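S.K.: Supplied structure: entry-v4.cif, mmCIF, C-alpha atoms.
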data_input
loop_
_atom_site.label_atom_id
_atom_site.label_comp_id
_atom_site.auth_asym_id
_atom_site.auth_seq_id
_atom_site.Cartn_x
_atom_site.Cartn_y
_atom_site.Cartn_z
CA MET E 480 -151.96 22.76 108.96
CA ALA E 481 -151.51 20.47 111.92
CA ARG E 482 -150.23 22.34 114.90
CA TRP E 483 -147.83 19.80 116.42
CA GLN E 484 -146.62 17.62 113.57
CA PRO E 485 -143.39 15.79 114.37
CA GLY E 486 -140.24 16.64 112.44
CA ALA E 487 -141.11 20.30 111.95
CA ALA E 488 -137.52 21.50 112.42
CA GLN E 489 -136.18 19.08 109.81
CA ARG E 490 -138.96 19.96 107.36
CA LEU E 491 -138.19 23.65 107.86
CA VAL E 492 -134.50 23.08 107.08
CA VAL E 493 -135.30 21.11 103.91
CA ALA E 494 -137.87 23.67 102.78
CA ALA E 495 -135.44 26.53 103.37
CA VAL E 496 -132.57 24.89 101.51
CA ASP E 497 -134.87 24.11 98.58
CA LEU E 498 -136.17 27.69 98.47
CA PHE E 499 -132.67 29.18 98.87
CA THR E 500 -131.55 27.04 95.92
CA GLU E 501 -134.60 27.84 93.78
CA GLN E 502 -134.92 31.58 94.31
CA GLY E 503 -131.94 32.69 96.38
CA TYR E 504 -131.47 33.40 100.05
CA ASP E 505 -132.39 37.09 99.89
CA ALA E 506 -135.64 36.45 97.98
CA THR E 507 -136.82 33.77 100.41
CA THR E 508 -139.07 34.79 103.30
CA VAL E 509 -139.81 33.06 106.58
CA THR E 510 -143.47 32.85 105.51
CA GLN E 511 -142.51 30.98 102.33
CA ILE E 512 -140.32 28.58 104.30
CA ALA E 513 -143.09 27.86 106.81
CA GLU E 514 -145.66 27.34 104.06
CA ARG E 515 -143.36 24.98 102.13
CA ALA E 516 -142.71 22.99 105.34
CA GLY E 517 -146.43 22.81 106.12
CA VAL E 518 -146.21 24.68 109.42
CA THR E 519 -147.22 28.08 110.73
CA LYS E 520 -144.93 31.06 110.95
CA SER E 521 -145.09 30.86 114.75
CA THR E 522 -143.87 27.24 114.53
CA PHE E 523 -140.90 28.49 112.49
CA PHE E 524 -140.00 30.96 115.25
CA ARG E 525 -140.43 28.28 117.91
CA HIS E 526 -137.52 26.43 116.28
CA PHE E 527 -135.39 29.21 114.75
CA SER E 528 -134.78 32.87 115.52
CA ASP E 529 -134.36 33.79 111.84
CA LYS E 530 -133.75 32.17 108.45
CA ARG E 531 -129.94 32.26 108.88
CA GLU E 532 -130.26 29.89 111.83
CA LEU E 533 -131.60 27.17 109.52
CA LEU E 534 -128.08 26.70 108.21
CA VAL E 535 -126.74 25.73 111.60
CA ALA E 536 -129.62 23.50 112.65
CA GLY E 537 -128.10 20.65 114.56
CA GLN E 538 -124.77 22.41 115.22
CA GLU E 539 -125.13 22.02 118.97
CA THR E 540 -125.81 18.30 118.61
CA LEU E 541 -122.95 17.87 116.16
CA SER E 542 -120.55 19.73 118.48
CA ARG E 543 -121.63 17.56 121.40
CA LEU E 544 -121.18 14.34 119.41
CA LEU E 545 -117.70 15.37 118.25
CA ALA E 546 -116.70 16.31 121.81
CA ASP E 547 -118.21 13.13 123.30
CA GLY E 548 -116.28 10.97 120.86
CA ILE E 549 -113.05 12.76 121.78
CA THR E 550 -113.77 12.49 125.49
CA GLU E 551 -114.49 8.76 125.26
CA ALA E 552 -111.45 7.93 123.11
CA PRO E 553 -108.92 5.60 124.79
CA ALA E 554 -106.68 7.40 127.29
CA ASP E 555 -103.56 6.63 125.22
CA ALA E 556 -105.07 7.97 121.97
CA SER E 557 -103.08 10.68 120.21
CA PRO E 558 -104.89 13.98 119.58
CA LEU E 559 -105.70 12.97 116.00
CA GLN E 560 -106.83 9.51 117.12
CA ALA E 561 -109.18 11.22 119.58
CA VAL E 562 -110.44 13.50 116.78
CA ALA E 563 -111.02 10.38 114.66
CA ALA E 564 -113.15 8.97 117.49
CA GLY E 565 -115.13 12.22 117.49
CA LEU E 566 -115.61 12.04 113.74
CA GLU E 567 -116.84 8.47 114.02
CA ARG E 568 -119.31 9.43 116.75
CA ALA E 569 -120.66 12.41 114.80
CA SER E 570 -120.82 10.43 111.56
CA SER E 571 -123.02 7.82 113.19
CA ALA E 572 -125.75 10.45 113.55
CA MET E 573 -125.73 11.32 109.85
CA GLY E 574 -128.32 9.48 107.82
CA PRO E 575 -129.85 9.54 104.34
CA ALA E 576 -131.60 12.88 104.92
CA ASN E 577 -128.26 14.55 105.72
CA ARG E 578 -126.70 12.97 102.66
CA GLU E 579 -129.47 14.12 100.33
CA LEU E 580 -129.36 17.65 101.70
CA GLY E 581 -125.60 18.07 101.21
CA PRO E 582 -125.37 19.15 97.55
CA ARG E 583 -128.38 21.49 97.83
CA LEU E 584 -127.01 23.05 101.00
CA LYS E 585 -123.63 23.53 99.37
CA ALA E 586 -125.26 25.30 96.41
CA ALA E 587 -127.33 27.55 98.68
CA VAL E 588 -124.27 28.54 100.73
CA ALA E 589 -122.19 29.18 97.60
CA ALA E 590 -124.84 31.59 96.31
CA SER E 591 -125.09 33.76 99.44
CA THR E 592 -122.39 35.79 101.19
CA GLU E 593 -124.52 35.88 104.33
CA LEU E 594 -124.80 32.09 104.39
CA GLN E 595 -121.06 31.75 103.73
CA GLU E 596 -120.39 33.89 106.79
CA ARG E 597 -122.79 31.81 108.91
CA ASP E 598 -121.19 28.60 107.65
CA ALA E 599 -117.77 29.93 108.66
CA LEU E 600 -119.07 30.64 112.18
CA LYS E 601 -120.45 27.10 112.33
CA SER E 602 -116.97 25.75 111.53
CA VAL E 603 -115.45 27.90 114.27
CA GLY E 604 -117.96 26.51 116.76
CA LEU E 605 -117.25 22.90 115.80
CA ALA E 606 -113.49 23.47 116.06
CA ALA E 607 -113.93 25.12 119.47
CA ALA E 608 -115.91 22.12 120.76
CA MET E 609 -113.21 19.71 119.62
CA THR E 610 -110.42 21.92 120.97
CA ALA E 611 -112.08 22.13 124.38
CA ALA E 612 -112.56 18.35 124.52
CA LEU E 613 -108.89 17.81 123.63
CA VAL E 614 -107.69 20.35 126.21
CA ALA E 615 -109.81 18.54 128.81
CA ARG E 616 -107.85 15.38 127.91
CA GLY E 617 -104.62 17.22 128.72
CA VAL E 618 -103.59 18.09 125.17
CA PRO E 619 -101.66 21.39 125.05
CA GLU E 620 -103.82 24.21 123.66
CA PRO E 621 -101.90 24.88 120.40
CA THR E 622 -101.92 21.16 119.55
CA ALA E 623 -105.58 20.83 120.55
CA HIS E 624 -106.51 23.83 118.42
CA LEU E 625 -104.68 22.47 115.37
CA ALA E 626 -106.23 19.01 115.81
CA GLY E 627 -109.69 20.56 116.18
CA GLU E 628 -109.27 22.60 113.00
CA LEU E 629 -108.08 19.50 111.13
CA GLY E 630 -111.12 17.66 112.47
CA VAL E 631 -113.49 20.28 111.06
CA LEU E 632 -111.73 20.25 107.71
CA ALA E 633 -111.84 16.44 107.61
CA PHE E 634 -115.52 16.42 108.52
CA LYS E 635 -116.38 18.94 105.81
CA ARG E 636 -114.28 17.19 103.15
CA GLY E 637 -115.64 13.79 104.11
CA TYR E 638 -119.22 15.08 104.14
CA ALA E 639 -118.82 16.66 100.70
CA GLN E 640 -117.44 13.45 99.22
CA TRP E 641 -120.09 11.29 100.90
CA SER E 642 -123.02 13.49 99.85
CA GLU E 643 -121.87 13.81 96.25
CA GLN E 644 -121.25 10.15 95.53
CA ASP E 645 -123.71 7.47 94.37
CA HIS E 646 -126.56 7.34 96.87
CA ASP E 647 -127.11 3.63 96.23
CA ASP E 648 -123.81 3.05 98.03
CA ALA E 649 -124.67 2.14 101.62
CA GLU E 650 -121.29 3.27 102.99
CA GLY E 651 -121.72 5.81 105.75
CA LEU E 652 -120.01 9.11 106.35
CA ALA E 653 -117.36 7.81 108.79
CA PRO E 654 -115.02 6.18 106.24
CA HIS E 655 -114.97 9.39 104.18
CA ALA E 656 -114.31 11.65 107.18
CA LEU E 657 -111.60 9.33 108.51
CA ALA E 658 -109.93 9.09 105.08
CA ALA E 659 -109.98 12.90 104.83
CA LEU E 660 -108.40 13.15 108.30
CA GLU E 661 -105.66 10.72 107.27
CA ASP E 662 -105.01 12.73 104.08
CA LEU E 663 -104.71 15.90 106.17
CA ARG E 664 -102.39 14.19 108.67
CA ALA E 665 -100.14 13.13 105.79
CA ALA E 666 -100.28 16.64 104.33
CA THR E 667 -99.17 18.19 107.62
CA ALA E 668 -96.17 15.83 107.69
CA SER E 669 -95.07 17.27 104.34
CA LEU E 670 -95.04 20.84 105.67
CA GLY E 671 -91.57 20.35 107.08
#
Show the structure stored in the file as structure tokens.
M.R.:
Amino acid sequence: MARWQPGAAQRLVVAAVDLFTEQGYDATTVTQIAERAGVTKSTFFRHFSDKRELLVAGQETLSRLLADGITEAPADASPLQAVAAGLERASSAMGPANRELGPRLKAAVAASTELQERDALKSVGLAAAMTAALVARGVPEPTAHLAGELGVLAFKRGYAQWSEQDHDDAEGLAPHALAALEDLRAATASLG
């Protein structure tokens, strides 16, 4: 095994998701993940503290991209328009590897209570990043919190649709996330 091969973190995530899907989260060991990824166990621990952390690989980057898009939205943008700018920014970082991983990741999470809990914490973190960026724009906290939660829901719904559709379609994630946000905006209007 090469000691410093590039892309080790991404290979570890793919290997873990494949193993979680094949044999279950509980039956998968860190050693198996490292071997499947073609790295040493110490390389695994250089990137992740434990196998649960593989699920949230990239969360910090995703949170930053969402917040940056909100921060850089036009000054007169409404809270949901700012969230849309965040979704566009984050979507631009999602490529074919993210799209291919989506259905397998969804299956792995659905099969493990522990991964479901970690996924829920990831959503909380993404919503908190968007809420903080909106509050920094002067949006009142309750409105910012609601817009951040809608942003997470739109991102997840858009990502699910994007990753499950025909992969020959070159359309990126952004149109799906933005359409999901618009659907949610319309749904909130019907609440009364």
S.K.: List the residues matched by the PyMOL selection byres ((chain E and resi 584) around 12) in the displayed structure as a PyMOL selection string, ordered by chain and then by residue number.
M.R.: chain E and resi 492-501+503-504+533-536+576-583+585-591+594-595+598+638-639+642-643
S.K.: For the file shown, report as a list in words the outcome of the PyMOL selection byres ((chain E and resi 511-515) around 10) at residue level.
M.R.: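 In the shown coordinates, the PyMOL selection byres ((chain E and resi 511-515) around 10) covers Met480, Ala487, Arg490, Leu491, Val492, Val493, Ala494, Ala495, Val496, Asp497, Leu498, Phe499, Ala506, Thr507, Thr508, Val509, Thr510, Ala516, Gly517, Val518, Thr519, Lys520, Ser521, Thr522, Phe523, Phe524 and Lys530 of chain E.
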S.K.: What would the selection look like, as number ranges by chain, if the PyMOL selection byres ((chain E and resi 654) around 10) were run on the coordinates I just shared?
M.R.: E: 566-567, 570, 637, 641, 650-653, 655-660
S.K.: Check the smallest atom-to-atom distance from each of E:Phe634, E:Ile549, E:Ala572, E:Ser542 to Ala615 of chain E using all atoms listed in the file, then report the winner.
M.R.: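 Closest to Ala615 of chain E, using all atoms listed in the file: E:Ile549.
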S.K.: Please report the interatomic distance between atom CA of Glu620 of chain E and atom CA of Gln560 of chain E in Å with one decimal.
M.R.: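 That distance, rounded to one decimal, is 16.4 Å.
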S.K.: In Å, with one decimal, what is the gap from atom CA of Leu613 of chain E to atom CA of Val631 of chain E?
M.R.: 13.6 Å
S.K.: Given all atoms listed in the file as the basis, pick out the residue of E:Leu670, E:Glu628, E:Thr610, E:Ala563 nearest to Glu551 of chain E.
M.R.: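 Ranking E:Leu670, E:Glu628, E:Thr610, E:Ala563 by distance to Glu551 of chain E, first place goes to E:Ala563.
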S.K.: What does the distance from atom CA of Val618 of chain E to atom CA of Ala599 of chain E come to in Å, to one decimal?
M.R.: 24.8 Å
S.K.: Could you check which of E:Val562, E:Ala626, E:Ala569, E:Leu632 is closest to Gln538 of chain E, using only C-alpha atoms?
M.R.: E:Ala569
